[in-house]
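A.B. asks: Take this structure, written in structure tokens, and hold onto it; I'll ask about it next.
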Amino acid sequence: MENIHKVLLVLIVVILGASHRNGALCNRTKQRVTVLVSVEEEMDQAFFAHMPPTSLDVHVWHTESKRLEVTTDNPLQALSLMEAPKLQHLILHPNAHLRQLIVRHCPLDGVAEQFRNLRELRILKIEQCRLTGTFDLGVLLALHNLTSVSLEANHITEASLLVDETVAEPEQPSKLARLDLSSNQIEYFHLDAVRLFPALEELSLGRNKLATFAGGSSTFLPALVMLDVRENLLTELDLSSCNCSSLLYLYAIGNRLTSFPVFSDSTVNIKVLDLSNNQLTVPDAQQLQKQQRLTSLLLSQNAFCSFTTATETELPSLARLELYDNQLESLDLRGWKLPALTQLRVSQNPLKSIPDDLVARYPNLTKLTCFCPDVDCTWIQRNAANVRSGNFEMSVAWNGPKSVGKGYRCVTVPYVGCVRCPFKRTAESELE
């Protein structure tokens, strides 16, 4: 109850605020945070002079300012402008205090050279602004302490590393760990663009217009943990030239892939591979077998008619396999050894048969989700105990036998109800 009162008190202070010439002010001096609901005047030296002396973090929800000036003696450590629809000029003097700068919803169309003056900057976000054309990732190399950059939702068409190839690597390696270029208009990305960022852990390129994602003869990204290229136009994803030994999460949802990603011999530690909503028709056992630590394989909304492999393939760590919304008529997983499989999702497939030895082959299977009304009635009856326990989730007619639909009938399972299956005379006689 005490915590609830504190929350309500903060809300009241934010709404009512203290009288301030720039708008409603919420000043939490103990936490060194100043929250401004609205700012009308220019955010220059005179403006910041009116901040409480203990305030090191200023958060502005909306500002009409056209100019932002950060002077050398400005003690701020964090500045966030959540809406700055008129901001056109940044004046950034050499400053050793500012560590976080966030600017959103602004008309800025480029990154000023003056950003180099913010030598202690750790986090930089310029989001939903008007950055356009080619963005030179080389400008980030001058900010030696930078760890996180987000340029999400701008109008960038290309991201390149525009540095002289003859110049040696920077004396002080970049600390950049997170780079978010999602929701732009990038059509082509080359991994060499991030080759001078050895600490890079997360690279987000989702929701662009990527038709090509390429690598050089050998791109060394030893710290890369997550690569996100979802919702692009990729028909293939070749990572064979990427030395990405730390890569754990690969998201390529919502592309036009017709083949599985190709991995280098060093990229063998992936845990989550999400290729949902593509145009895949055949599993690639050769590429999948490289990933012995794979725990989740997500292949829903593709065009698989079967999911078998000619050669025995073991994925010893795979616990979750999703194949829903494909074209599977039989759940024949022939050739796959999946000793750790616990979850199998195959709903929205035209499945008519499920192997009787499914549980015997995958003894750790605790959740089969199969809302597929064409599965044979006799199979449902034989597996009624698993349906009753919830281990198998089948297509249930919640309003009873009258709602099963034409051509279907019920297998009644205690505590579950009417499990829908196709009406057949042979099946009917057996059930009776």
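Order determines the names: the first chain of the structure tokens is A, the second B, and so forth; residues in each chain are numbered 1 upward, and ligands are numbered 1 upward as they are shown.
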Could you please write out, as a PDB file with all heavy atoms, in the first residue's frame, every residue of region 143-273 of chain A that DSSP assigns to strand (DSSP E)?

C.D. replies:
ATOM      1  N   SER A 148      26.009   2.325 -26.888  1.00  0.00           N
ATOM      2  CA  SER A 148      24.700   2.044 -27.477  1.00  0.00           C
ATOM      3  C   SER A 148      24.263   3.185 -28.382  1.00  0.00           C
ATOM      4  O   SER A 148      24.256   4.347 -27.970  1.00  0.00           O
ATOM      5  CB  SER A 148      23.656   1.831 -26.372  1.00  0.00           C
ATOM      6  OG  SER A 148      22.381   1.553 -26.920  1.00  0.00           O
ATOM      7  N   VAL A 149      23.887   2.845 -29.632  1.00  0.00           N
ATOM      8  CA  VAL A 149      23.406   3.832 -30.606  1.00  0.00           C
ATOM      9  C   VAL A 149      22.118   3.327 -31.225  1.00  0.00           C
ATOM     10  O   VAL A 149      22.042   2.171 -31.674  1.00  0.00           O
ATOM     11  CB  VAL A 149      24.447   4.087 -31.716  1.00  0.00           C
ATOM     12  CG1 VAL A 149      23.856   4.979 -32.808  1.00  0.00           C
ATOM     13  CG2 VAL A 149      25.698   4.726 -31.148  1.00  0.00           C
ATOM     14  N   SER A 150      21.111   4.183 -31.264  1.00  0.00           N
ATOM     15  CA  SER A 150      19.861   3.858 -31.947  1.00  0.00           C
ATOM     16  C   SER A 150      19.502   4.980 -32.906  1.00  0.00           C
ATOM     17  O   SER A 150      19.369   6.135 -32.510  1.00  0.00           O
ATOM     18  CB  SER A 150      18.716   3.655 -30.951  1.00  0.00           C
ATOM     19  OG  SER A 150      17.490   3.448 -31.646  1.00  0.00           O
ATOM     20  N   HIS A 155      15.200   7.925 -42.115  1.00  0.00           N
ATOM     21  CA  HIS A 155      15.056   7.701 -43.550  1.00  0.00           C
ATOM     22  C   HIS A 155      16.407   7.332 -44.173  1.00  0.00           C
ATOM     23  O   HIS A 155      16.685   7.672 -45.312  1.00  0.00           O
ATOM     24  CB  HIS A 155      14.491   8.953 -44.228  1.00  0.00           C
ATOM     25  CG  HIS A 155      13.185   9.417 -43.639  1.00  0.00           C
ATOM     26  ND1 HIS A 155      11.989   8.807 -43.909  1.00  0.00           N
ATOM     27  CD2 HIS A 155      12.907  10.417 -42.770  1.00  0.00           C
ATOM     28  CE1 HIS A 155      11.019   9.423 -43.241  1.00  0.00           C
ATOM     29  NE2 HIS A 155      11.551  10.396 -42.541  1.00  0.00           N
ATOM     30  N   ILE A 156      17.219   6.616 -43.410  1.00  0.00           N
ATOM     31  CA  ILE A 156      18.551   6.215 -43.868  1.00  0.00           C
ATOM     32  C   ILE A 156      18.412   5.167 -44.961  1.00  0.00           C
ATOM     33  O   ILE A 156      17.666   4.191 -44.826  1.00  0.00           O
ATOM     34  CB  ILE A 156      19.376   5.663 -42.692  1.00  0.00           C
ATOM     35  CG1 ILE A 156      19.561   6.754 -41.626  1.00  0.00           C
ATOM     36  CG2 ILE A 156      20.730   5.141 -43.161  1.00  0.00           C
ATOM     37  CD1 ILE A 156      20.149   6.246 -40.330  1.00  0.00           C
ATOM     38  N   THR A 157      19.131   5.349 -46.069  1.00  0.00           N
ATOM     39  CA  THR A 157      19.063   4.405 -47.190  1.00  0.00           C
ATOM     40  C   THR A 157      20.283   3.500 -47.266  1.00  0.00           C
ATOM     41  O   THR A 157      20.250   2.467 -47.936  1.00  0.00           O
ATOM     42  CB  THR A 157      18.929   5.152 -48.527  1.00  0.00           C
ATOM     43  OG1 THR A 157      20.022   6.074 -48.669  1.00  0.00           O
ATOM     44  CG2 THR A 157      17.612   5.930 -48.578  1.00  0.00           C
ATOM     45  N   GLU A 158      21.354   3.883 -46.585  1.00  0.00           N
ATOM     46  CA  GLU A 158      22.567   3.063 -46.596  1.00  0.00           C
ATOM     47  C   GLU A 158      23.384   3.348 -45.338  1.00  0.00           C
ATOM     48  O   GLU A 158      23.448   4.481 -44.869  1.00  0.00           O
ATOM     49  CB  GLU A 158      23.409   3.358 -47.836  1.00  0.00           C
ATOM     50  CG  GLU A 158      24.648   2.474 -47.961  1.00  0.00           C
ATOM     51  CD  GLU A 158      25.446   2.768 -49.217  1.00  0.00           C
ATOM     52  OE1 GLU A 158      25.002   3.627 -50.015  1.00  0.00           O
ATOM     53  OE2 GLU A 158      26.517   2.148 -49.400  1.00  0.00           O
ATOM     54  N   ALA A 159      23.986   2.296 -44.792  1.00  0.00           N
ATOM     55  CA  ALA A 159      24.886   2.439 -43.647  1.00  0.00           C
ATOM     56  C   ALA A 159      26.232   1.860 -44.045  1.00  0.00           C
ATOM     57  O   ALA A 159      26.338   0.663 -44.344  1.00  0.00           O
ATOM     58  CB  ALA A 159      24.334   1.719 -42.424  1.00  0.00           C
ATOM     59  N   SER A 160      27.260   2.713 -44.079  1.00  0.00           N
ATOM     60  CA  SER A 160      28.572   2.302 -44.552  1.00  0.00           C
ATOM     61  C   SER A 160      29.643   2.770 -43.586  1.00  0.00           C
ATOM     62  O   SER A 160      29.405   3.614 -42.712  1.00  0.00           O
ATOM     63  CB  SER A 160      28.856   2.865 -45.945  1.00  0.00           C
ATOM     64  OG  SER A 160      27.871   2.467 -46.870  1.00  0.00           O
ATOM     65  N   ARG A 178      25.723  -2.038 -28.893  1.00  0.00           N
ATOM     66  CA  ARG A 178      24.383  -2.129 -29.474  1.00  0.00           C
ATOM     67  C   ARG A 178      24.204  -1.079 -30.559  1.00  0.00           C
ATOM     68  O   ARG A 178      24.415   0.111 -30.315  1.00  0.00           O
ATOM     69  CB  ARG A 178      23.311  -1.955 -28.383  1.00  0.00           C
ATOM     70  CG  ARG A 178      23.205  -3.142 -27.441  1.00  0.00           C
ATOM     71  CD  ARG A 178      22.341  -2.842 -26.243  1.00  0.00           C
ATOM     72  NE  ARG A 178      22.978  -1.856 -25.363  1.00  0.00           N
ATOM     73  CZ  ARG A 178      23.929  -2.143 -24.483  1.00  0.00           C
ATOM     74  NH1 ARG A 178      24.358  -3.391 -24.364  1.00  0.00           N
ATOM     75  NH2 ARG A 178      24.455  -1.211 -23.712  1.00  0.00           N
ATOM     76  N   LEU A 179      23.808  -1.541 -31.749  1.00  0.00           N
ATOM     77  CA  LEU A 179      23.561  -0.653 -32.888  1.00  0.00           C
ATOM     78  C   LEU A 179      22.195  -0.987 -33.473  1.00  0.00           C
ATOM     79  O   LEU A 179      21.959  -2.107 -33.941  1.00  0.00           O
ATOM     80  CB  LEU A 179      24.646  -0.830 -33.946  1.00  0.00           C
ATOM     81  CG  LEU A 179      24.481  -0.007 -35.234  1.00  0.00           C
ATOM     82  CD1 LEU A 179      24.439   1.477 -34.929  1.00  0.00           C
ATOM     83  CD2 LEU A 179      25.607  -0.322 -36.217  1.00  0.00           C
ATOM     84  N   ASP A 180      21.286  -0.018 -33.430  1.00  0.00           N
ATOM     85  CA  ASP A 180      19.920  -0.214 -33.909  1.00  0.00           C
ATOM     86  C   ASP A 180      19.675   0.691 -35.116  1.00  0.00           C
ATOM     87  O   ASP A 180      19.615   1.915 -35.001  1.00  0.00           O
ATOM     88  CB  ASP A 180      18.921   0.117 -32.794  1.00  0.00           C
ATOM     89  CG  ASP A 180      17.492  -0.259 -33.155  1.00  0.00           C
ATOM     90  OD1 ASP A 180      17.233  -0.559 -34.340  1.00  0.00           O
ATOM     91  OD2 ASP A 180      16.630  -0.270 -32.257  1.00  0.00           O
ATOM     92  N   TYR A 188      20.635  -2.375 -48.748  1.00  0.00           N
ATOM     93  CA  TYR A 188      21.829  -3.212 -48.850  1.00  0.00           C
ATOM     94  C   TYR A 188      22.667  -3.015 -47.594  1.00  0.00           C
ATOM     95  O   TYR A 188      22.852  -1.888 -47.140  1.00  0.00           O
ATOM     96  CB  TYR A 188      22.638  -2.815 -50.088  1.00  0.00           C
ATOM     97  CG  TYR A 188      24.007  -3.454 -50.190  1.00  0.00           C
ATOM     98  CD1 TYR A 188      24.167  -4.700 -50.783  1.00  0.00           C
ATOM     99  CD2 TYR A 188      25.145  -2.807 -49.705  1.00  0.00           C
ATOM    100  CE1 TYR A 188      25.424  -5.278 -50.883  1.00  0.00           C
ATOM    101  CE2 TYR A 188      26.398  -3.382 -49.800  1.00  0.00           C
ATOM    102  CZ  TYR A 188      26.531  -4.620 -50.384  1.00  0.00           C
ATOM    103  OH  TYR A 188      27.769  -5.197 -50.473  1.00  0.00           O
ATOM    104  N   PHE A 189      23.172  -4.128 -47.035  1.00  0.00           N
ATOM    105  CA  PHE A 189      24.044  -4.007 -45.870  1.00  0.00           C
ATOM    106  C   PHE A 189      25.194  -4.993 -45.999  1.00  0.00           C
ATOM    107  O   PHE A 189      24.995  -6.174 -46.286  1.00  0.00           O
ATOM    108  CB  PHE A 189      23.297  -4.275 -44.571  1.00  0.00           C
ATOM    109  CG  PHE A 189      24.108  -3.938 -43.342  1.00  0.00           C
ATOM    110  CD1 PHE A 189      24.159  -2.634 -42.869  1.00  0.00           C
ATOM    111  CD2 PHE A 189      24.838  -4.914 -42.677  1.00  0.00           C
ATOM    112  CE1 PHE A 189      24.911  -2.306 -41.747  1.00  0.00           C
ATOM    113  CE2 PHE A 189      25.605  -4.592 -41.572  1.00  0.00           C
ATOM    114  CZ  PHE A 189      25.640  -3.287 -41.104  1.00  0.00           C
ATOM    115  N   HIS A 190      26.409  -4.464 -45.789  1.00  0.00           N
ATOM    116  CA  HIS A 190      27.614  -5.278 -45.856  1.00  0.00           C
ATOM    117  C   HIS A 190      28.212  -5.348 -44.452  1.00  0.00           C
ATOM    118  O   HIS A 190      28.391  -4.328 -43.782  1.00  0.00           O
ATOM    119  CB  HIS A 190      28.623  -4.658 -46.827  1.00  0.00           C
ATOM    120  CG  HIS A 190      29.653  -5.620 -47.331  1.00  0.00           C
ATOM    121  ND1 HIS A 190      30.655  -6.113 -46.531  1.00  0.00           N
ATOM    122  CD2 HIS A 190      29.825  -6.191 -48.548  1.00  0.00           C
ATOM    123  CE1 HIS A 190      31.420  -6.937 -47.232  1.00  0.00           C
ATOM    124  NE2 HIS A 190      30.932  -7.011 -48.455  1.00  0.00           N
ATOM    125  N   GLU A 202      24.866  -6.554 -30.320  1.00  0.00           N
ATOM    126  CA  GLU A 202      23.526  -6.589 -30.899  1.00  0.00           C
ATOM    127  C   GLU A 202      23.470  -5.688 -32.124  1.00  0.00           C
ATOM    128  O   GLU A 202      23.817  -4.508 -32.044  1.00  0.00           O
ATOM    129  CB  GLU A 202      22.481  -6.133 -29.875  1.00  0.00           C
ATOM    130  CG  GLU A 202      22.422  -6.992 -28.622  1.00  0.00           C
ATOM    131  CD  GLU A 202      21.410  -6.476 -27.616  1.00  0.00           C
ATOM    132  OE1 GLU A 202      20.656  -5.541 -27.969  1.00  0.00           O
ATOM    133  OE2 GLU A 202      21.391  -6.983 -26.479  1.00  0.00           O
ATOM    134  N   LEU A 203      23.027  -6.259 -33.244  1.00  0.00           N
ATOM    135  CA  LEU A 203      22.876  -5.514 -34.493  1.00  0.00           C
ATOM    136  C   LEU A 203      21.443  -5.678 -34.977  1.00  0.00           C
ATOM    137  O   LEU A 203      21.014  -6.792 -35.304  1.00  0.00           O
ATOM    138  CB  LEU A 203      23.860  -6.028 -35.542  1.00  0.00           C
ATOM    139  CG  LEU A 203      23.771  -5.394 -36.941  1.00  0.00           C
ATOM    140  CD1 LEU A 203      23.969  -3.884 -36.877  1.00  0.00           C
ATOM    141  CD2 LEU A 203      24.794  -6.029 -37.881  1.00  0.00           C
ATOM    142  N   SER A 204      20.693  -4.573 -35.024  1.00  0.00           N
ATOM    143  CA  SER A 204      19.280  -4.605 -35.400  1.00  0.00           C
ATOM    144  C   SER A 204      19.075  -3.889 -36.725  1.00  0.00           C
ATOM    145  O   SER A 204      19.338  -2.690 -36.844  1.00  0.00           O
ATOM    146  CB  SER A 204      18.415  -3.943 -34.315  1.00  0.00           C
ATOM    147  OG  SER A 204      18.534  -4.636 -33.088  1.00  0.00           O
ATOM    148  N   THR A 212      19.683  -7.404 -49.913  1.00  0.00           N
ATOM    149  CA  THR A 212      20.996  -8.043 -49.886  1.00  0.00           C
ATOM    150  C   THR A 212      21.644  -7.822 -48.532  1.00  0.00           C
ATOM    151  O   THR A 212      21.694  -6.699 -48.022  1.00  0.00           O
ATOM    152  CB  THR A 212      21.918  -7.467 -50.984  1.00  0.00           C
ATOM    153  OG1 THR A 212      21.290  -7.617 -52.254  1.00  0.00           O
ATOM    154  CG2 THR A 212      23.251  -8.196 -50.990  1.00  0.00           C
ATOM    155  N   PHE A 213      22.139  -8.922 -47.968  1.00  0.00           N
ATOM    156  CA  PHE A 213      22.901  -8.872 -46.722  1.00  0.00           C
ATOM    157  C   PHE A 213      24.160  -9.678 -46.983  1.00  0.00           C
ATOM    158  O   PHE A 213      24.100 -10.890 -47.160  1.00  0.00           O
ATOM    159  CB  PHE A 213      22.095  -9.471 -45.578  1.00  0.00           C
ATOM    160  CG  PHE A 213      22.755  -9.335 -44.232  1.00  0.00           C
ATOM    161  CD1 PHE A 213      22.483  -8.244 -43.418  1.00  0.00           C
ATOM    162  CD2 PHE A 213      23.649 -10.291 -43.769  1.00  0.00           C
ATOM    163  CE1 PHE A 213      23.088  -8.117 -42.174  1.00  0.00           C
ATOM    164  CE2 PHE A 213      24.255 -10.172 -42.542  1.00  0.00           C
ATOM    165  CZ  PHE A 213      23.973  -9.075 -41.733  1.00  0.00           C
ATOM    166  N   ALA A 214      25.311  -9.000 -47.039  1.00  0.00           N
ATOM    167  CA  ALA A 214      26.535  -9.661 -47.504  1.00  0.00           C
ATOM    168  C   ALA A 214      27.666  -9.493 -46.512  1.00  0.00           C
ATOM    169  O   ALA A 214      27.621  -8.663 -45.595  1.00  0.00           O
ATOM    170  CB  ALA A 214      26.949  -9.089 -48.863  1.00  0.00           C
ATOM    171  N   THR A 219      34.757 -11.566 -42.016  1.00  0.00           N
ATOM    172  CA  THR A 219      34.386 -10.495 -41.103  1.00  0.00           C
ATOM    173  C   THR A 219      34.410 -11.039 -39.690  1.00  0.00           C
ATOM    174  O   THR A 219      33.689 -11.981 -39.369  1.00  0.00           O
ATOM    175  CB  THR A 219      32.994  -9.936 -41.430  1.00  0.00           C
ATOM    176  OG1 THR A 219      32.967  -9.505 -42.796  1.00  0.00           O
ATOM    177  CG2 THR A 219      32.658  -8.761 -40.527  1.00  0.00           C
ATOM    178  N   PHE A 220      35.238 -10.446 -38.834  1.00  0.00           N
ATOM    179  CA  PHE A 220      35.428 -10.944 -37.479  1.00  0.00           C
ATOM    180  C   PHE A 220      34.601 -10.110 -36.515  1.00  0.00           C
ATOM    181  O   PHE A 220      34.903  -8.944 -36.270  1.00  0.00           O
ATOM    182  CB  PHE A 220      36.916 -10.887 -37.119  1.00  0.00           C
ATOM    183  CG  PHE A 220      37.238 -11.513 -35.789  1.00  0.00           C
ATOM    184  CD1 PHE A 220      36.681 -12.720 -35.411  1.00  0.00           C
ATOM    185  CD2 PHE A 220      38.118 -10.880 -34.917  1.00  0.00           C
ATOM    186  CE1 PHE A 220      36.991 -13.305 -34.188  1.00  0.00           C
ATOM    187  CE2 PHE A 220      38.439 -11.451 -33.691  1.00  0.00           C
ATOM    188  CZ  PHE A 220      37.866 -12.667 -33.324  1.00  0.00           C
ATOM    189  N   MET A 226      23.451 -11.139 -31.000  1.00  0.00           N
ATOM    190  CA  MET A 226      22.122 -11.081 -31.612  1.00  0.00           C
ATOM    191  C   MET A 226      22.172 -10.342 -32.946  1.00  0.00           C
ATOM    192  O   MET A 226      22.722  -9.256 -33.042  1.00  0.00           O
ATOM    193  CB  MET A 226      21.147 -10.385 -30.661  1.00  0.00           C
ATOM    194  CG  MET A 226      19.682 -10.442 -31.098  1.00  0.00           C
ATOM    195  SD  MET A 226      19.207  -9.139 -32.290  1.00  0.00           S
ATOM    196  CE  MET A 226      19.297  -7.677 -31.273  1.00  0.00           C
ATOM    197  N   LEU A 227      21.581 -10.966 -33.969  1.00  0.00           N
ATOM    198  CA  LEU A 227      21.422 -10.352 -35.286  1.00  0.00           C
ATOM    199  C   LEU A 227      19.946 -10.390 -35.651  1.00  0.00           C
ATOM    200  O   LEU A 227      19.338 -11.464 -35.684  1.00  0.00           O
ATOM    201  CB  LEU A 227      22.252 -11.093 -36.334  1.00  0.00           C
ATOM    202  CG  LEU A 227      22.073 -10.635 -37.791  1.00  0.00           C
ATOM    203  CD1 LEU A 227      22.457  -9.175 -37.949  1.00  0.00           C
ATOM    204  CD2 LEU A 227      22.892 -11.511 -38.733  1.00  0.00           C
ATOM    205  N   ASP A 228      19.377  -9.226 -35.921  1.00  0.00           N
ATOM    206  CA  ASP A 228      17.946  -9.117 -36.222  1.00  0.00           C
ATOM    207  C   ASP A 228      17.771  -8.484 -37.598  1.00  0.00           C
ATOM    208  O   ASP A 228      18.078  -7.310 -37.798  1.00  0.00           O
ATOM    209  CB  ASP A 228      17.256  -8.262 -35.156  1.00  0.00           C
ATOM    210  CG  ASP A 228      15.733  -8.286 -35.274  1.00  0.00           C
ATOM    211  OD1 ASP A 228      15.238  -8.688 -36.351  1.00  0.00           O
ATOM    212  OD2 ASP A 228      15.052  -7.907 -34.310  1.00  0.00           O
ATOM    213  N   ASP A 238      23.394 -15.270 -46.286  1.00  0.00           N
ATOM    214  CA  ASP A 238      24.686 -15.950 -46.315  1.00  0.00           C
ATOM    215  C   ASP A 238      25.596 -15.348 -45.245  1.00  0.00           C
ATOM    216  O   ASP A 238      26.076 -14.225 -45.371  1.00  0.00           O
ATOM    217  CB  ASP A 238      25.321 -15.807 -47.698  1.00  0.00           C
ATOM    218  CG  ASP A 238      26.566 -16.670 -47.862  1.00  0.00           C
ATOM    219  OD1 ASP A 238      27.046 -17.208 -46.846  1.00  0.00           O
ATOM    220  OD2 ASP A 238      27.050 -16.803 -48.997  1.00  0.00           O
ATOM    221  N   LEU A 239      25.838 -16.114 -44.189  1.00  0.00           N
ATOM    222  CA  LEU A 239      26.723 -15.694 -43.114  1.00  0.00           C
ATOM    223  C   LEU A 239      28.007 -16.520 -43.108  1.00  0.00           C
ATOM    224  O   LEU A 239      28.707 -16.591 -42.097  1.00  0.00           O
ATOM    225  CB  LEU A 239      26.013 -15.840 -41.755  1.00  0.00           C
ATOM    226  CG  LEU A 239      24.737 -15.010 -41.571  1.00  0.00           C
ATOM    227  CD1 LEU A 239      24.087 -15.335 -40.236  1.00  0.00           C
ATOM    228  CD2 LEU A 239      25.033 -13.525 -41.670  1.00  0.00           C
ATOM    229  N   CYS A 242      31.167 -14.739 -42.036  1.00  0.00           N
ATOM    230  CA  CYS A 242      31.150 -14.060 -40.742  1.00  0.00           C
ATOM    231  C   CYS A 242      31.695 -14.976 -39.655  1.00  0.00           C
ATOM    232  O   CYS A 242      31.114 -16.034 -39.377  1.00  0.00           O
ATOM    233  CB  CYS A 242      29.731 -13.621 -40.386  1.00  0.00           C
ATOM    234  SG  CYS A 242      29.628 -12.740 -38.814  1.00  0.00           S
ATOM    235  N   ASN A 243      32.791 -14.563 -39.068  1.00  0.00           N
ATOM    236  CA  ASN A 243      33.333 -15.278 -37.915  1.00  0.00           C
ATOM    237  C   ASN A 243      32.580 -14.775 -36.697  1.00  0.00           C
ATOM    238  O   ASN A 243      33.000 -13.841 -36.024  1.00  0.00           O
ATOM    239  CB  ASN A 243      34.832 -15.014 -37.796  1.00  0.00           C
ATOM    240  CG  ASN A 243      35.476 -15.850 -36.702  1.00  0.00           C
ATOM    241  OD1 ASN A 243      34.801 -16.381 -35.831  1.00  0.00           O
ATOM    242  ND2 ASN A 243      36.800 -15.952 -36.746  1.00  0.00           N
ATOM    243  N   TYR A 249      21.442 -15.594 -31.125  1.00  0.00           N
ATOM    244  CA  TYR A 249      20.067 -15.320 -31.539  1.00  0.00           C
ATOM    245  C   TYR A 249      20.065 -14.734 -32.939  1.00  0.00           C
ATOM    246  O   TYR A 249      20.668 -13.686 -33.190  1.00  0.00           O
ATOM    247  CB  TYR A 249      19.398 -14.346 -30.562  1.00  0.00           C
ATOM    248  CG  TYR A 249      19.511 -14.762 -29.120  1.00  0.00           C
ATOM    249  CD1 TYR A 249      20.506 -14.226 -28.292  1.00  0.00           C
ATOM    250  CD2 TYR A 249      18.640 -15.714 -28.583  1.00  0.00           C
ATOM    251  CE1 TYR A 249      20.620 -14.627 -26.971  1.00  0.00           C
ATOM    252  CE2 TYR A 249      18.753 -16.114 -27.262  1.00  0.00           C
ATOM    253  CZ  TYR A 249      19.746 -15.571 -26.461  1.00  0.00           C
ATOM    254  OH  TYR A 249      19.861 -15.967 -25.156  1.00  0.00           O
ATOM    255  N   LEU A 250      19.347 -15.403 -33.851  1.00  0.00           N
ATOM    256  CA  LEU A 250      19.220 -14.931 -35.229  1.00  0.00           C
ATOM    257  C   LEU A 250      17.740 -14.844 -35.570  1.00  0.00           C
ATOM    258  O   LEU A 250      17.018 -15.852 -35.536  1.00  0.00           O
ATOM    259  CB  LEU A 250      19.927 -15.879 -36.196  1.00  0.00           C
ATOM    260  CG  LEU A 250      19.790 -15.549 -37.695  1.00  0.00           C
ATOM    261  CD1 LEU A 250      20.283 -14.141 -37.987  1.00  0.00           C
ATOM    262  CD2 LEU A 250      20.548 -16.566 -38.538  1.00  0.00           C
ATOM    263  N   TYR A 251      17.278 -13.633 -35.877  1.00  0.00           N
ATOM    264  CA  TYR A 251      15.879 -13.389 -36.194  1.00  0.00           C
ATOM    265  C   TYR A 251      15.767 -12.928 -37.650  1.00  0.00           C
ATOM    266  O   TYR A 251      16.234 -11.850 -38.003  1.00  0.00           O
ATOM    267  CB  TYR A 251      15.293 -12.327 -35.269  1.00  0.00           C
ATOM    268  CG  TYR A 251      15.404 -12.676 -33.803  1.00  0.00           C
ATOM    269  CD1 TYR A 251      16.369 -12.071 -32.987  1.00  0.00           C
ATOM    270  CD2 TYR A 251      14.564 -13.624 -33.233  1.00  0.00           C
ATOM    271  CE1 TYR A 251      16.486 -12.408 -31.649  1.00  0.00           C
ATOM    272  CE2 TYR A 251      14.669 -13.970 -31.890  1.00  0.00           C
ATOM    273  CZ  TYR A 251      15.632 -13.353 -31.101  1.00  0.00           C
ATOM    274  OH  TYR A 251      15.746 -13.684 -29.780  1.00  0.00           O
ATOM    275  N   VAL A 262      23.150 -19.761 -44.383  1.00  0.00           N
ATOM    276  CA  VAL A 262      24.400 -20.505 -44.485  1.00  0.00           C
ATOM    277  C   VAL A 262      25.352 -19.954 -43.434  1.00  0.00           C
ATOM    278  O   VAL A 262      25.606 -18.750 -43.381  1.00  0.00           O
ATOM    279  CB  VAL A 262      25.016 -20.367 -45.897  1.00  0.00           C
ATOM    280  CG1 VAL A 262      26.338 -21.140 -45.970  1.00  0.00           C
ATOM    281  CG2 VAL A 262      24.035 -20.867 -46.947  1.00  0.00           C
ATOM    282  N   PHE A 263      25.877 -20.853 -42.587  1.00  0.00           N
ATOM    283  CA  PHE A 263      26.739 -20.442 -41.489  1.00  0.00           C
ATOM    284  C   PHE A 263      28.188 -20.820 -41.749  1.00  0.00           C
ATOM    285  O   PHE A 263      28.476 -21.818 -42.410  1.00  0.00           O
ATOM    286  CB  PHE A 263      26.275 -21.086 -40.174  1.00  0.00           C
ATOM    287  CG  PHE A 263      24.857 -20.776 -39.805  1.00  0.00           C
ATOM    288  CD1 PHE A 263      23.867 -21.749 -39.903  1.00  0.00           C
ATOM    289  CD2 PHE A 263      24.496 -19.511 -39.364  1.00  0.00           C
ATOM    290  CE1 PHE A 263      22.553 -21.474 -39.572  1.00  0.00           C
ATOM    291  CE2 PHE A 263      23.183 -19.224 -39.028  1.00  0.00           C
ATOM    292  CZ  PHE A 263      22.209 -20.210 -39.131  1.00  0.00           C
ATOM    293  N   VAL A 272      18.674 -19.667 -30.609  1.00  0.00           N
ATOM    294  CA  VAL A 272      17.343 -19.372 -31.153  1.00  0.00           C
ATOM    295  C   VAL A 272      17.483 -18.981 -32.619  1.00  0.00           C
ATOM    296  O   VAL A 272      18.185 -18.024 -32.945  1.00  0.00           O
ATOM    297  CB  VAL A 272      16.648 -18.244 -30.373  1.00  0.00           C
ATOM    298  CG1 VAL A 272      15.299 -17.923 -31.009  1.00  0.00           C
ATOM    299  CG2 VAL A 272      16.476 -18.621 -28.907  1.00  0.00           C
ATOM    300  N   LEU A 273      16.808 -19.743 -33.485  1.00  0.00           N
ATOM    301  CA  LEU A 273      16.799 -19.461 -34.919  1.00  0.00           C
ATOM    302  C   LEU A 273      15.342 -19.279 -35.337  1.00  0.00           C
ATOM    303  O   LEU A 273      14.564 -20.237 -35.337  1.00  0.00           O
ATOM    304  CB  LEU A 273      17.440 -20.610 -35.690  1.00  0.00           C
ATOM    305  CG  LEU A 273      17.481 -20.483 -37.222  1.00  0.00           C
ATOM    306  CD1 LEU A 273      18.223 -19.225 -37.646  1.00  0.00           C
ATOM    307  CD2 LEU A 273      18.121 -21.717 -37.842  1.00  0.00           C
TER     308      LEU A 273
END

A.B. asks: Tell me, as a list in words, which residues lie within 9 Å of Gly335 (chain A), counting only C-alpha atoms; anything in the same chain fewer than 5 positions away does not count.

C.D. replies: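 Contacts, in chain order: Thr308, Thr309, Ala310, Thr311, Glu312, Thr313 and Glu314 of chain A.
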
A.B. asks: Hey, can you spit out that residue selection with C-alpha atoms as an mmCIF file, in the first residue's frame?

C.D. replies:
data_model
loop_
_atom_site.group_PDB
_atom_site.id
_atom_site.type_symbol
_atom_site.label_atom_id
_atom_site.label_comp_id
_atom_site.auth_asym_id
_atom_site.auth_seq_id
_atom_site.Cartn_x
_atom_site.Cartn_y
_atom_site.Cartn_z
ATOM 1 C CA THR A 308 11.875 -35.138 -42.839
ATOM 2 C CA THR A 309 15.545 -35.629 -43.586
ATOM 3 C CA ALA A 310 17.207 -38.354 -45.637
ATOM 4 C CA THR A 311 20.172 -38.610 -43.274
ATOM 5 C CA GLU A 312 19.859 -39.010 -39.536
ATOM 6 C CA THR A 313 20.353 -35.597 -37.936
ATOM 7 C CA GLU A 314 20.621 -34.983 -34.219
#
